[in-house]
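Colleague: Structure file final_11.cif (mmCIF, C-alpha atoms and all ligand atoms) is given on the next line.
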```
data_run
#
loop_
_atom_site.label_atom_id
_atom_site.label_comp_id
_atom_site.auth_asym_id
_atom_site.auth_seq_id
_atom_site.Cartn_x
_atom_site.Cartn_y
_atom_site.Cartn_z
CA MET P 1 -84.35 31.18 -6.17
CA HIS P 2 -81.16 31.78 -8.13
CA ARG P 3 -80.96 34.70 -10.54
CA SER P 4 -80.71 32.11 -13.25
CA GLU P 5 -79.93 28.46 -13.65
CA ILE P 6 -78.13 26.63 -16.46
CA THR P 7 -78.93 22.94 -16.70
CA LEU P 8 -76.78 20.50 -18.62
CA ASP P 9 -78.42 17.15 -19.34
CA LEU P 10 -75.78 14.49 -19.89
CA ASP P 11 -78.39 11.98 -21.04
CA ALA P 12 -78.91 14.27 -24.04
CA VAL P 13 -75.16 14.28 -24.75
CA ARG P 14 -75.01 10.48 -24.54
CA HIS P 15 -78.10 10.16 -26.73
CA ASN P 16 -76.63 12.50 -29.37
CA ALA P 17 -73.28 10.71 -29.30
CA ARG P 18 -74.97 7.36 -29.87
CA GLN P 19 -77.07 8.79 -32.71
CA LEU P 20 -73.94 10.17 -34.37
CA ILE P 21 -71.99 6.94 -33.96
CA LYS P 22 -74.83 5.01 -35.55
CA MET P 23 -75.08 7.51 -38.40
CA VAL P 24 -71.38 7.59 -39.29
CA ASP P 25 -71.46 3.84 -39.55
CA GLY P 26 -67.91 2.74 -38.86
CA ALA P 27 -66.17 6.10 -38.68
CA GLU P 28 -65.08 7.19 -35.20
CA LEU P 29 -66.79 10.00 -33.31
CA TRP P 30 -64.36 12.53 -31.85
CA ALA P 31 -66.00 14.87 -29.35
CA VAL P 32 -65.06 18.53 -29.78
CA VAL P 33 -65.15 20.20 -26.36
CA LYS P 34 -63.20 23.41 -26.98
CA GLY P 35 -64.35 26.67 -25.37
CA ASN P 36 -65.51 24.72 -22.29
CA ALA P 37 -67.66 22.61 -24.63
CA TYR P 38 -69.17 25.79 -26.09
CA GLY P 39 -69.99 27.01 -22.59
CA HIS P 40 -71.68 23.75 -21.57
CA GLY P 41 -68.82 22.40 -19.41
CA ALA P 42 -65.92 20.53 -21.01
CA VAL P 43 -65.37 17.90 -18.33
CA PRO P 44 -68.93 16.60 -18.00
CA VAL P 45 -69.57 16.74 -21.75
CA ALA P 46 -66.29 14.93 -22.48
CA GLY P 47 -67.06 12.30 -19.84
CA ALA P 48 -70.54 11.64 -21.23
CA ALA P 49 -69.28 11.51 -24.82
CA LEU P 50 -66.54 9.01 -23.96
CA GLU P 51 -69.02 6.93 -22.00
CA ALA P 52 -71.30 6.78 -25.05
CA GLY P 53 -68.49 5.67 -27.35
CA ALA P 54 -66.59 8.75 -28.56
CA ARG P 55 -63.00 7.72 -29.28
CA ALA P 56 -61.16 11.01 -28.81
CA LEU P 57 -61.55 14.51 -27.40
CA CYS P 58 -60.65 17.58 -29.45
CA VAL P 59 -59.82 20.99 -27.98
CA ALA P 60 -58.51 24.25 -29.41
CA THR P 61 -55.68 25.11 -27.03
CA LEU P 62 -52.86 23.43 -25.17
CA GLY P 63 -54.31 24.69 -21.86
CA GLU P 64 -57.64 23.03 -22.60
CA GLY P 65 -55.83 19.80 -23.45
CA LEU P 66 -53.76 19.84 -20.26
CA ALA P 67 -56.84 20.49 -18.11
CA LEU P 68 -58.73 17.60 -19.72
CA ARG P 69 -55.75 15.29 -19.33
CA GLU P 70 -55.96 15.70 -15.53
CA ARG P 71 -59.53 14.43 -15.57
CA PHE P 72 -59.15 11.82 -18.31
CA PRO P 73 -55.76 10.14 -17.86
CA ARG P 74 -56.19 7.64 -20.68
CA ALA P 75 -58.34 9.45 -23.25
CA ARG P 76 -57.02 10.30 -26.67
CA ILE P 77 -56.83 14.13 -26.77
CA VAL P 78 -56.10 16.17 -29.89
CA VAL P 79 -55.19 19.88 -29.68
CA LEU P 80 -56.59 21.25 -32.93
CA GLY P 81 -55.14 24.77 -32.68
CA PRO P 82 -51.51 25.80 -32.88
CA VAL P 83 -49.09 24.89 -30.07
CA GLY P 84 -45.97 27.06 -29.91
CA PRO P 85 -42.57 25.32 -30.11
CA GLY P 86 -41.86 26.19 -26.46
CA SER P 87 -44.96 24.26 -25.39
CA VAL P 88 -44.23 21.05 -27.27
CA PRO P 89 -42.48 19.40 -24.26
CA ALA P 90 -45.57 20.04 -22.09
CA ALA P 91 -47.82 18.56 -24.77
CA SER P 92 -45.54 15.57 -25.02
CA ARG P 93 -45.42 14.96 -21.25
CA ALA P 94 -49.23 15.02 -21.18
CA GLY P 95 -49.52 12.68 -24.16
CA LEU P 96 -51.51 15.18 -26.22
CA GLU P 97 -51.65 14.93 -30.00
CA CYS P 98 -50.87 18.17 -31.82
CA VAL P 99 -51.35 19.59 -35.30
CA ALA P 100 -48.65 20.63 -37.77
CA HIS P 101 -50.06 23.42 -39.89
CA ASP P 102 -46.90 24.94 -41.38
CA ASP P 103 -43.18 24.16 -41.82
CA ALA P 104 -42.17 25.55 -38.43
CA SER P 105 -44.75 23.58 -36.46
CA LEU P 106 -43.98 20.44 -38.47
CA GLU P 107 -40.32 20.80 -37.51
CA ALA P 108 -41.16 21.39 -33.83
CA LEU P 109 -43.58 18.46 -33.56
CA SER P 110 -41.76 15.81 -35.63
CA GLY P 111 -40.27 13.22 -33.33
CA ALA P 112 -41.57 14.99 -30.21
CA VAL P 113 -45.29 14.13 -30.14
CA GLU P 114 -47.83 12.27 -32.20
CA TYR P 115 -49.07 14.79 -34.70
CA HIS P 116 -51.75 15.36 -37.33
CA ILE P 117 -50.97 17.26 -40.50
CA LYS P 118 -53.48 19.95 -41.41
CA VAL P 119 -54.49 20.63 -45.00
CA ASN P 120 -55.88 24.04 -45.93
CA LEU P 121 -59.13 23.53 -47.87
CA GLY P 122 -60.30 27.12 -48.22
CA LEU P 123 -60.59 28.68 -44.78
CA ASN P 124 -57.11 30.08 -45.46
CA ARG P 125 -56.19 30.19 -41.80
CA TYR P 126 -54.00 27.28 -40.75
CA GLY P 127 -52.79 24.35 -42.81
CA PHE P 128 -50.59 23.28 -45.72
CA ASP P 129 -51.87 23.90 -49.22
CA ARG P 130 -49.85 20.81 -50.14
CA ILE P 131 -48.47 18.19 -47.79
CA PRO P 132 -44.64 18.31 -48.04
CA ASP P 133 -43.06 15.46 -50.01
CA ARG P 134 -40.61 14.07 -47.51
CA LEU P 135 -41.82 13.87 -43.91
CA ARG P 136 -39.28 12.99 -41.23
CA GLU P 137 -41.98 11.34 -39.10
CA GLN P 138 -45.30 10.03 -40.33
CA PRO P 139 -48.36 11.81 -38.92
CA VAL P 140 -51.02 9.81 -37.06
CA GLY P 141 -53.75 11.84 -38.70
CA VAL P 142 -54.50 14.04 -41.68
CA PHE P 143 -56.83 16.87 -40.81
CA GLY P 144 -58.96 19.07 -43.05
CA GLN P 145 -61.61 21.65 -42.27
CA PHE P 146 -64.38 22.73 -44.61
CA SER P 147 -65.20 26.41 -45.03
CA HIS P 148 -68.87 26.08 -46.11
CA ALA P 149 -70.04 22.83 -44.51
CA HIS P 150 -73.25 24.25 -43.03
CA VAL P 151 -74.33 26.15 -46.13
CA ASP P 152 -72.94 24.86 -49.40
CA LEU P 153 -72.70 21.20 -50.32
CA GLU P 154 -71.14 21.83 -53.73
CA VAL P 155 -68.20 23.81 -52.36
CA THR P 156 -67.83 21.16 -49.65
CA ALA P 157 -67.72 18.32 -52.18
CA LEU P 158 -64.96 20.12 -54.12
CA GLN P 159 -62.99 20.65 -50.92
CA LEU P 160 -63.45 16.97 -50.06
CA ALA P 161 -61.91 16.01 -53.42
CA ARG P 162 -58.92 18.28 -52.69
CA PHE P 163 -58.59 16.72 -49.24
CA LEU P 164 -58.66 13.15 -50.54
CA GLU P 165 -56.00 14.00 -53.09
CA GLN P 166 -53.73 15.28 -50.31
CA CYS P 167 -54.46 12.24 -48.12
CA GLU P 168 -52.65 10.07 -50.67
CA ALA P 169 -49.36 11.55 -49.47
CA VAL P 170 -49.88 10.03 -46.01
CA PRO P 171 -51.69 6.74 -46.66
CA ARG P 172 -51.47 5.39 -43.09
CA ALA P 173 -52.84 8.51 -41.38
CA THR P 174 -56.37 8.65 -39.95
CA ARG P 175 -58.38 10.94 -42.23
CA HIS P 176 -60.71 13.42 -40.53
CA VAL P 177 -62.35 16.38 -42.22
CA CYS P 178 -65.98 16.59 -41.02
CA ASN P 179 -67.51 18.80 -38.38
CA SER P 180 -71.12 18.11 -37.41
CA SER P 181 -72.70 19.78 -40.44
CA ALA P 182 -70.50 17.96 -42.93
CA ALA P 183 -71.01 14.63 -41.16
CA LEU P 184 -74.78 15.16 -41.36
CA SER P 185 -74.89 16.33 -44.94
CA LEU P 186 -72.09 14.60 -46.84
CA PRO P 187 -71.76 10.88 -46.02
CA ALA P 188 -68.80 10.49 -48.40
CA ALA P 189 -66.79 12.88 -46.21
CA ARG P 190 -67.09 10.91 -42.99
CA LEU P 191 -63.93 8.90 -43.76
CA ASP P 192 -62.16 7.54 -40.65
CA ALA P 193 -63.37 9.96 -37.98
CA VAL P 194 -65.73 12.92 -37.62
CA ARG P 195 -65.18 15.78 -35.19
CA SER P 196 -68.45 16.87 -33.67
CA GLY P 197 -69.31 19.57 -31.16
CA SER P 198 -72.65 21.03 -32.25
CA ALA P 199 -74.52 17.81 -32.96
CA LEU P 200 -73.11 16.27 -29.79
CA LEU P 201 -74.70 19.13 -27.86
CA GLY P 202 -77.95 18.62 -29.73
CA VAL P 203 -77.93 21.40 -32.27
CA SER P 204 -78.01 21.03 -36.03
CA LEU P 205 -77.05 24.42 -37.41
CA MET P 206 -77.61 23.68 -41.03
CA THR P 207 -80.19 24.62 -43.50
CA ASN P 208 -80.39 21.33 -45.33
CA PRO P 209 -78.93 18.21 -43.73
CA SER P 210 -79.43 14.97 -45.62
CA SER P 211 -79.47 13.05 -42.32
CA ARG P 212 -82.04 14.37 -39.91
CA LEU P 213 -81.00 12.96 -36.58
CA PRO P 214 -83.32 13.18 -33.60
CA LEU P 215 -80.88 15.29 -31.58
CA ARG P 216 -81.64 16.57 -28.08
CA PRO P 217 -80.36 19.98 -26.95
CA ALA P 218 -78.23 19.48 -23.84
CA LEU P 219 -78.48 22.93 -22.29
CA SER P 220 -81.25 25.08 -20.90
CA TRP P 221 -81.09 28.48 -19.23
CA ILE P 222 -83.95 29.55 -17.00
CA SER P 223 -84.53 32.68 -14.92
CA CYS P 224 -87.67 34.22 -13.45
CA LEU P 225 -89.60 37.45 -13.15
CA ALA P 226 -88.10 39.58 -10.38
CA GLN P 227 -90.42 42.58 -10.86
CA VAL P 228 -93.66 43.29 -12.70
CA ARG P 229 -94.80 46.82 -13.50
CA ASN P 230 -97.73 48.56 -15.23
CA LEU P 231 -96.39 51.32 -17.43
CA PRO P 232 -98.61 54.07 -18.88
CA ALA P 233 -98.39 54.96 -22.57
CA GLY P 234 -95.30 57.08 -23.21
CA ALA P 235 -93.22 55.67 -20.32
CA ALA P 236 -89.55 54.96 -21.02
CA VAL P 237 -87.68 51.73 -20.33
CA GLY P 238 -83.95 51.33 -19.85
CA TYR P 239 -80.92 53.63 -19.80
CA GLU P 240 -81.29 56.80 -21.83
CA GLY P 241 -84.95 55.93 -22.30
CA ALA P 242 -83.90 53.27 -24.80
CA HIS P 243 -87.50 52.27 -25.45
CA ARG P 244 -90.74 54.20 -25.06
CA VAL P 245 -94.00 52.22 -24.82
CA THR P 246 -96.72 53.56 -27.08
CA ARG P 247 -99.62 52.12 -25.09
CA PRO P 248 -100.19 50.95 -21.51
CA THR P 249 -97.84 48.00 -21.11
CA VAL P 250 -97.09 45.41 -18.45
CA THR P 251 -93.34 44.91 -18.18
CA GLY P 252 -91.29 42.33 -16.33
CA VAL P 253 -87.73 42.55 -15.08
CA VAL P 254 -85.58 39.42 -15.49
CA PRO P 255 -82.46 39.43 -13.29
CA VAL P 256 -80.06 38.46 -16.10
CA GLY P 257 -77.92 40.80 -18.17
CA TYR P 258 -74.83 41.03 -20.31
CA GLY P 259 -72.75 40.15 -17.24
CA ASP P 260 -74.35 36.72 -17.47
CA GLY P 261 -73.87 36.43 -21.23
CA PHE P 262 -77.20 37.85 -22.38
CA VAL P 263 -75.64 40.23 -24.91
CA SER P 264 -77.26 43.57 -25.70
CA ARG P 265 -77.71 42.65 -29.35
CA LEU P 266 -80.56 40.47 -28.11
CA VAL P 267 -82.85 43.44 -27.44
CA GLY P 268 -85.93 42.56 -29.50
CA THR P 269 -85.56 38.78 -29.24
CA THR P 270 -88.24 36.60 -27.72
CA VAL P 271 -88.07 34.71 -24.42
CA LEU P 272 -90.78 32.59 -22.78
CA VAL P 273 -92.54 33.76 -19.64
CA GLY P 274 -94.30 30.70 -18.34
CA ASP P 275 -94.91 29.36 -21.82
CA GLU P 276 -95.94 32.64 -23.39
CA PRO P 277 -93.63 34.62 -25.67
CA ALA P 278 -92.40 38.01 -24.46
CA THR P 279 -90.15 40.50 -26.23
CA VAL P 280 -86.98 41.92 -24.69
CA ILE P 281 -87.27 45.73 -24.76
CA GLY P 282 -85.25 48.75 -23.68
CA SER P 283 -81.61 48.03 -23.02
CA VAL P 284 -79.93 44.96 -21.58
CA SER P 285 -77.94 46.06 -18.56
CA MET P 286 -75.22 44.15 -16.73
CA ASP P 287 -77.56 42.37 -14.33
CA ALA P 288 -81.08 42.79 -15.67
CA LEU P 289 -83.23 42.94 -18.76
CA THR P 290 -86.82 44.00 -19.34
CA VAL P 291 -89.56 42.21 -21.26
CA ALA P 292 -92.94 43.41 -22.50
CA LEU P 293 -95.51 41.00 -21.05
CA PRO P 294 -98.78 39.97 -22.72
CA ARG P 295 -100.50 40.34 -19.28
CA ARG P 296 -99.63 40.45 -15.58
CA PHE P 297 -97.72 37.45 -14.25
CA PRO P 298 -96.82 36.69 -10.64
CA ILE P 299 -93.31 37.54 -9.49
CA GLY P 300 -91.21 34.38 -9.64
CA THR P 301 -92.81 33.09 -12.86
CA PRO P 302 -90.11 31.08 -14.70
CA VAL P 303 -88.56 32.74 -17.75
CA THR P 304 -86.95 30.47 -20.32
CA LEU P 305 -84.00 32.13 -22.01
CA ILE P 306 -82.89 28.93 -23.78
CA GLY P 307 -84.75 25.64 -23.45
CA ASP P 308 -87.97 23.80 -24.20
CA GLY P 309 -89.85 25.70 -26.89
CA LEU P 310 -87.04 28.21 -27.29
CA PRO P 311 -83.94 26.83 -29.04
CA MET P 312 -80.71 28.78 -28.87
CA GLU P 313 -80.86 29.13 -32.66
CA SER P 314 -83.82 31.49 -32.47
CA HIS P 315 -81.61 34.08 -30.69
CA LEU P 316 -78.75 33.49 -33.13
CA ARG P 317 -81.01 34.09 -36.09
CA PHE P 318 -82.50 37.17 -34.48
CA ALA P 319 -79.14 38.79 -33.74
CA SER P 320 -77.08 37.31 -36.63
CA MET P 321 -74.68 35.80 -34.13
CA ALA P 322 -72.08 33.12 -34.88
CA ASN P 323 -73.25 29.59 -34.13
CA TRP P 324 -71.97 29.25 -30.60
CA GLU P 325 -71.38 32.88 -29.73
CA LEU P 326 -74.22 32.99 -27.22
CA CYS P 327 -73.54 29.75 -25.33
CA THR P 328 -69.76 30.19 -25.35
CA GLY P 329 -70.25 33.58 -23.72
CA LEU P 330 -72.49 32.37 -20.89
CA SER P 331 -71.07 33.13 -17.46
CA ASN P 332 -69.72 30.22 -15.43
CA ASP P 333 -69.34 32.34 -12.34
CA PRO P 334 -71.06 30.59 -9.42
CA LEU P 335 -71.59 34.02 -7.86
CA ARG P 336 -73.90 34.87 -10.75
CA VAL P 337 -75.44 31.67 -12.05
CA HIS P 338 -76.37 28.30 -10.63
CA ARG P 339 -75.21 25.38 -12.75
CA ARG P 340 -76.83 21.99 -12.52
CA ILE P 341 -75.87 18.73 -14.19
CA LEU P 342 -78.49 16.05 -14.80
CA ASN P 343 -77.78 12.35 -15.21
CA ASP P 344 -74.12 12.55 -14.29
CA HIS P 345 -72.69 9.04 -13.91
CA SER P 346 -69.20 10.17 -13.04
CA GLY P 347 -69.59 11.09 -9.38
CA SER P 348 -69.90 14.80 -8.84
CA LEU P 349 -67.68 16.53 -11.35
CA PRO P 350 -67.99 20.31 -11.25
CA VAL P 351 -68.63 22.05 -14.55
CA SER P 352 -65.78 24.52 -14.71
C1 LIG G 1 -64.98 23.46 -33.52
C2 LIG G 1 -64.47 22.52 -34.53
C3 LIG G 1 -65.21 21.38 -34.91
C4 LIG G 1 -66.61 21.10 -34.39
O1 LIG G 1 -67.52 21.77 -35.19
P1 LIG G 1 -69.11 21.56 -35.00
O2 LIG G 1 -69.66 22.24 -36.17
O3 LIG G 1 -69.45 22.23 -33.71
O4 LIG G 1 -69.34 20.12 -34.97
C5 LIG G 1 -64.65 20.51 -35.79
N1 LIG G 1 -63.42 20.73 -36.31
C6 LIG G 1 -62.68 21.79 -35.97
C7 LIG G 1 -61.34 21.98 -36.57
C8 LIG G 1 -63.17 22.73 -35.08
O5 LIG G 1 -62.43 23.79 -34.75
#
```
Re-express the file's structure as structure tokens.
Ligand SMILES: *Cc1c(COP(=O)(O)O)cnc(C)c1O
Modeller:
Amino acid sequence: MHRSEITLDLDAVRHNARQLIKMVDGAELWAVVKGNAYGHGAVPVAGAALEAGARALCVATLGEGLALRERFPRARIVVLGPVGPGSVPAASRAGLECVAHDDASLEALSGAVEYHIKVNLGLNRYGFDRIPDRLREQPVGVFGQFSHAHVDLEVTALQLARFLEQCEAVPRATRHVCNSSAALSLPAARLDAVRSGSALLGVSLMTNPSSRLPLRPALSWISCLAQVRNLPAGAAVGYEGAHRVTRPTVTGVVPVGYGDGFVSRLVGTTVLVGDEPATVIGSVSMDALTVALPRRFPIGTPVTLIGDGLPMESHLRFASMANWELCTGLSNDPLRVHRRILNDHSGSLPVS
């Protein structure tokens, strides 16, 4: 038995991609696979998304784009984040599309690569507040990013109006402004293409989507009980006696810790032992965590950390983590975790 196993189901990715394509009704689906597809595995997720009809891949960095290009020689690949002027020739040789987000990057990209022009809608990170009047080369795309898409439809609608106004400056460019949440909640914003990562991986992170798609989570993370112990009332658990049990308690040790991506802020969250809930207690150490068990279980009983009956979102809510903080931080190290891909049609592509 492995310490833990992460399973990626590519049928789920294909299913979600097809659901999204149907929903956006004529707009293109662009699969966002930055951060190793939020820890899921960029190459297999990208392959499944393209197979199901996604028309482009989006990444954050030049390095991610170059790595994907090796595996997908003909795919359309957009690098959403900034690419320094010194890296433009490499982007050009690899046929990557880049994003101009200020005067300097516009100057570096014009005439060198196909580029998208980014409009700042309120995140106030990258992007032009106004698209410059005279552009030396026309962009292939005009790119906006909402700041409140998963929480506030009114703010998003105002930002959409600002975006559409700016789009008039580049009438031939492909307009893309939606992430998953916006595509689900604001049909008018879908425009020519939507960029989806979360929904593609089967997670709807919004409070109030107007389109409820039957999405299927693509990732599960399973470990097992490596040790079971009867503790008397008053016994301590974890470094520095982090937790003291107030009554006789059965505890289980799960051989997964922060070195695997199970961050220590998750002390107190619930995991499933067999199919019964158990609370993480004490301290999470590098290679192990402890749970309080409702009763004795045999050693080797499966422990679901993420999966059926235990969506990733329940940990995020518990620990107030950013949407993909947990999955993006999962270890890919084959010395620590076994990774398995289900329903791979592409041969045997490794995950990392
Ligand atoms: C990550 C990212 C997305 C995908 O967002 P999801 O909410 O995961 O669909 C879309 N657009 C940009 C610019 C991004 O950085």
Colleague: Could you list, as a PDB file with C-alpha atoms, in the frame of the given file, all residues that come within 10 Å of ligand LIG 1 (chain G)? Count only C-alpha atoms and all ligand atoms.
Modeller:
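As a result, out-v2.pdb now contains:
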```
ATOM      1  CA  TRP P  30     -64.360  12.530 -31.850  1.00  0.00           C
ATOM      2  CA  ALA P  31     -66.000  14.870 -29.350  1.00  0.00           C
ATOM      3  CA  VAL P  32     -65.060  18.530 -29.780  1.00  0.00           C
ATOM      4  CA  VAL P  33     -65.150  20.200 -26.360  1.00  0.00           C
ATOM      5  CA  LYS P  34     -63.200  23.410 -26.980  1.00  0.00           C
ATOM      6  CA  GLY P  35     -64.350  26.670 -25.370  1.00  0.00           C
ATOM      7  CA  ALA P  37     -67.660  22.610 -24.630  1.00  0.00           C
ATOM      8  CA  TYR P  38     -69.170  25.790 -26.090  1.00  0.00           C
ATOM      9  CA  CYS P  58     -60.650  17.580 -29.450  1.00  0.00           C
ATOM     10  CA  VAL P  59     -59.820  20.990 -27.980  1.00  0.00           C
ATOM     11  CA  ALA P  60     -58.510  24.250 -29.410  1.00  0.00           C
ATOM     12  CA  VAL P  79     -55.190  19.880 -29.680  1.00  0.00           C
ATOM     13  CA  LEU P  80     -56.590  21.250 -32.930  1.00  0.00           C
ATOM     14  CA  GLY P  81     -55.140  24.770 -32.680  1.00  0.00           C
ATOM     15  CA  LYS P 118     -53.480  19.950 -41.410  1.00  0.00           C
ATOM     16  CA  TYR P 126     -54.000  27.280 -40.750  1.00  0.00           C
ATOM     17  CA  PHE P 143     -56.830  16.870 -40.810  1.00  0.00           C
ATOM     18  CA  GLY P 144     -58.960  19.070 -43.050  1.00  0.00           C
ATOM     19  CA  GLN P 145     -61.610  21.650 -42.270  1.00  0.00           C
ATOM     20  CA  PHE P 146     -64.380  22.730 -44.610  1.00  0.00           C
ATOM     21  CA  ALA P 149     -70.040  22.830 -44.510  1.00  0.00           C
ATOM     22  CA  HIS P 150     -73.250  24.250 -43.030  1.00  0.00           C
ATOM     23  CA  HIS P 176     -60.710  13.420 -40.530  1.00  0.00           C
ATOM     24  CA  VAL P 177     -62.350  16.380 -42.220  1.00  0.00           C
ATOM     25  CA  CYS P 178     -65.980  16.590 -41.020  1.00  0.00           C
ATOM     26  CA  ASN P 179     -67.510  18.800 -38.380  1.00  0.00           C
ATOM     27  CA  SER P 180     -71.120  18.110 -37.410  1.00  0.00           C
ATOM     28  CA  SER P 181     -72.700  19.780 -40.440  1.00  0.00           C
ATOM     29  CA  ALA P 182     -70.500  17.960 -42.930  1.00  0.00           C
ATOM     30  CA  ALA P 183     -71.010  14.630 -41.160  1.00  0.00           C
ATOM     31  CA  LEU P 184     -74.780  15.160 -41.360  1.00  0.00           C
ATOM     32  CA  VAL P 194     -65.730  12.920 -37.620  1.00  0.00           C
ATOM     33  CA  ARG P 195     -65.180  15.780 -35.190  1.00  0.00           C
ATOM     34  CA  SER P 196     -68.450  16.870 -33.670  1.00  0.00           C
ATOM     35  CA  GLY P 197     -69.310  19.570 -31.160  1.00  0.00           C
ATOM     36  CA  SER P 198     -72.650  21.030 -32.250  1.00  0.00           C
ATOM     37  CA  ALA P 199     -74.520  17.810 -32.960  1.00  0.00           C
ATOM     38  CA  LEU P 200     -73.110  16.270 -29.790  1.00  0.00           C
ATOM     39  CA  LEU P 201     -74.700  19.130 -27.860  1.00  0.00           C
ATOM     40  CA  VAL P 203     -77.930  21.400 -32.270  1.00  0.00           C
ATOM     41  CA  SER P 204     -78.010  21.030 -36.030  1.00  0.00           C
ATOM     42  CA  LEU P 205     -77.050  24.420 -37.410  1.00  0.00           C
ATOM     43  CA  MET P 206     -77.610  23.680 -41.030  1.00  0.00           C
ATOM     44  CA  ASN P 323     -73.250  29.590 -34.130  1.00  0.00           C
ATOM     45  CA  TRP P 324     -71.970  29.250 -30.600  1.00  0.00           C
TER      46      TRP P 324
END
```
Colleague: Would you list the contacts of Ser105 of chain P as a PyMOL selection string, taking every protein, DNA or RNA residue within 12 Å and counting only C-alpha atoms, but skipping same-chain residues closer than 5 positions in sequence?
Modeller: chain P and resi 81-88+98-100+110-113+115-118+126-128
Colleague: Can you tell me, as JSON, numbers by chain, what residues are no more than 10 Å from Gly257 of chain P when counting only C-alpha atoms, ignoring any on the same chain fewer than 2 positions away?
Modeller: {"P": [254, 255, 259, 260, 261, 262, 263, 264, 283, 284, 285, 286, 287, 288, 289, 290]}
Colleague: When you count all atoms listed in the file, which of these residues is closest to Pro248 of chain P: P:Ser346, P:Thr7, P:Gln138, P:Asn230?
Modeller: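 Using all atoms listed in the file, the shortest distance to Pro248 of chain P belongs to P:Asn230.
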Colleague: Could you name the residues that touch Ala278 of chain P at 7 Å or less, counting only C-alpha atoms, but leaving out those on the same chain fewer than 2 positions away, as a ChimeraX atom specification?
Modeller: /P:270-273,276,280,291-294
Colleague: Could the residues in this selection be written to a file with C-alpha atoms, as a JSON list (two decimals), in the frame of the given file?
Modeller:
```
[["chain", "number", "residue", "atom", "x", "y", "z"],
["P", 270, "THR", "CA", -88.24, 36.60, -27.72],
["P", 271, "VAL", "CA", -88.07, 34.71, -24.42],
["P", 272, "LEU", "CA", -90.78, 32.59, -22.78],
["P", 273, "VAL", "CA", -92.54, 33.76, -19.64],
["P", 276, "GLU", "CA", -95.94, 32.64, -23.39],
["P", 280, "VAL", "CA", -86.98, 41.92, -24.69],
["P", 291, "VAL", "CA", -89.56, 42.21, -21.26],
["P", 292, "ALA", "CA", -92.94, 43.41, -22.50],
["P", 293, "LEU", "CA", -95.51, 41.00, -21.05],
["P", 294, "PRO", "CA", -98.78, 39.97, -22.72]]
```
Colleague: From the set P:Thr246, P:Leu191, P:Leu266, P:Val140, which residue has the shortest atom-to-atom contact distance to Ser320 of chain P, counting all atoms listed in the file?
Modeller: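 Looking at the shortest contact to Ser320 of chain P, the residue is P:Leu266.
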Colleague: Near Asp129 of chain P, counting all atoms listed in the file, which residues have an atom at most 9 Å away, once you skip same-chain residues fewer than 5 positions from it, shown as number ranges by chain?
Modeller: P: 118-121, 124, 166
Colleague: Using all atoms listed in the file for the distances, tell me which of P:Leu123, P:Ala94, P:Leu219, P:Ala161 is nearest to Thr328 of chain P.
Modeller: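 Of P:Leu123, P:Ala94, P:Leu219, P:Ala161, the one nearest Thr328 of chain P is P:Leu219, counting all atoms listed in the file.
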Colleague: Give the answer as one residue: which of P:Leu305, P:Val78, P:Cys327, P:Val245 has the shortest atom-to-atom distance to Ala233 of chain P, using all atoms listed in the file?
Modeller: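 For Ala233 of chain P, the nearest of the candidates is P:Val245.
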Colleague: Can you tell me how far atom CA of Asn332 of chain P sits from atom CA of Glu97 of chain P, in Å to one decimal?
Modeller: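 Here the two named atoms are 27.8 Å from each other.
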Colleague: Calculate how many Å separate atom CA of Ala46 of chain P from atom CA of Arg340 of chain P, rounding to one decimal.
Modeller: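 Distance between the two atoms: 16.1 Å.
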Colleague: I'd like the interatomic distance between atom CA of Glu107 of chain P and atom CA of Phe72 of chain P, to a tenth of an Å.
Modeller: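 Straight-line distance from atom CA of Glu107 of chain P to atom CA of Phe72 of chain P works out to 28.4 Å.
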Colleague: When you count only C-alpha atoms, which of these residues is closest to Ile341 of chain P: P:Arg295, P:Val151, P:Glu28, P:Ala218?
Modeller: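 Among P:Arg295, P:Val151, P:Glu28, P:Ala218, it is P:Ala218 that comes nearest to Ile341 of chain P.
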Colleague: Find the residues around segment 297-299 of chain P up to 7 Å (all atoms listed in the file counted), leave out those fewer than 3 positions away in its own chain, and share them as a PyMOL selection string.
Modeller: chain P and resi 225-228
Colleague: Hey, which of P:Val303, P:Val237, P:Leu326, P:Ala173 ends up closest to Ser4 of chain P? Count only C-alpha atoms.
Modeller: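 Of all the options, P:Val303 lies closest to Ser4 of chain P.
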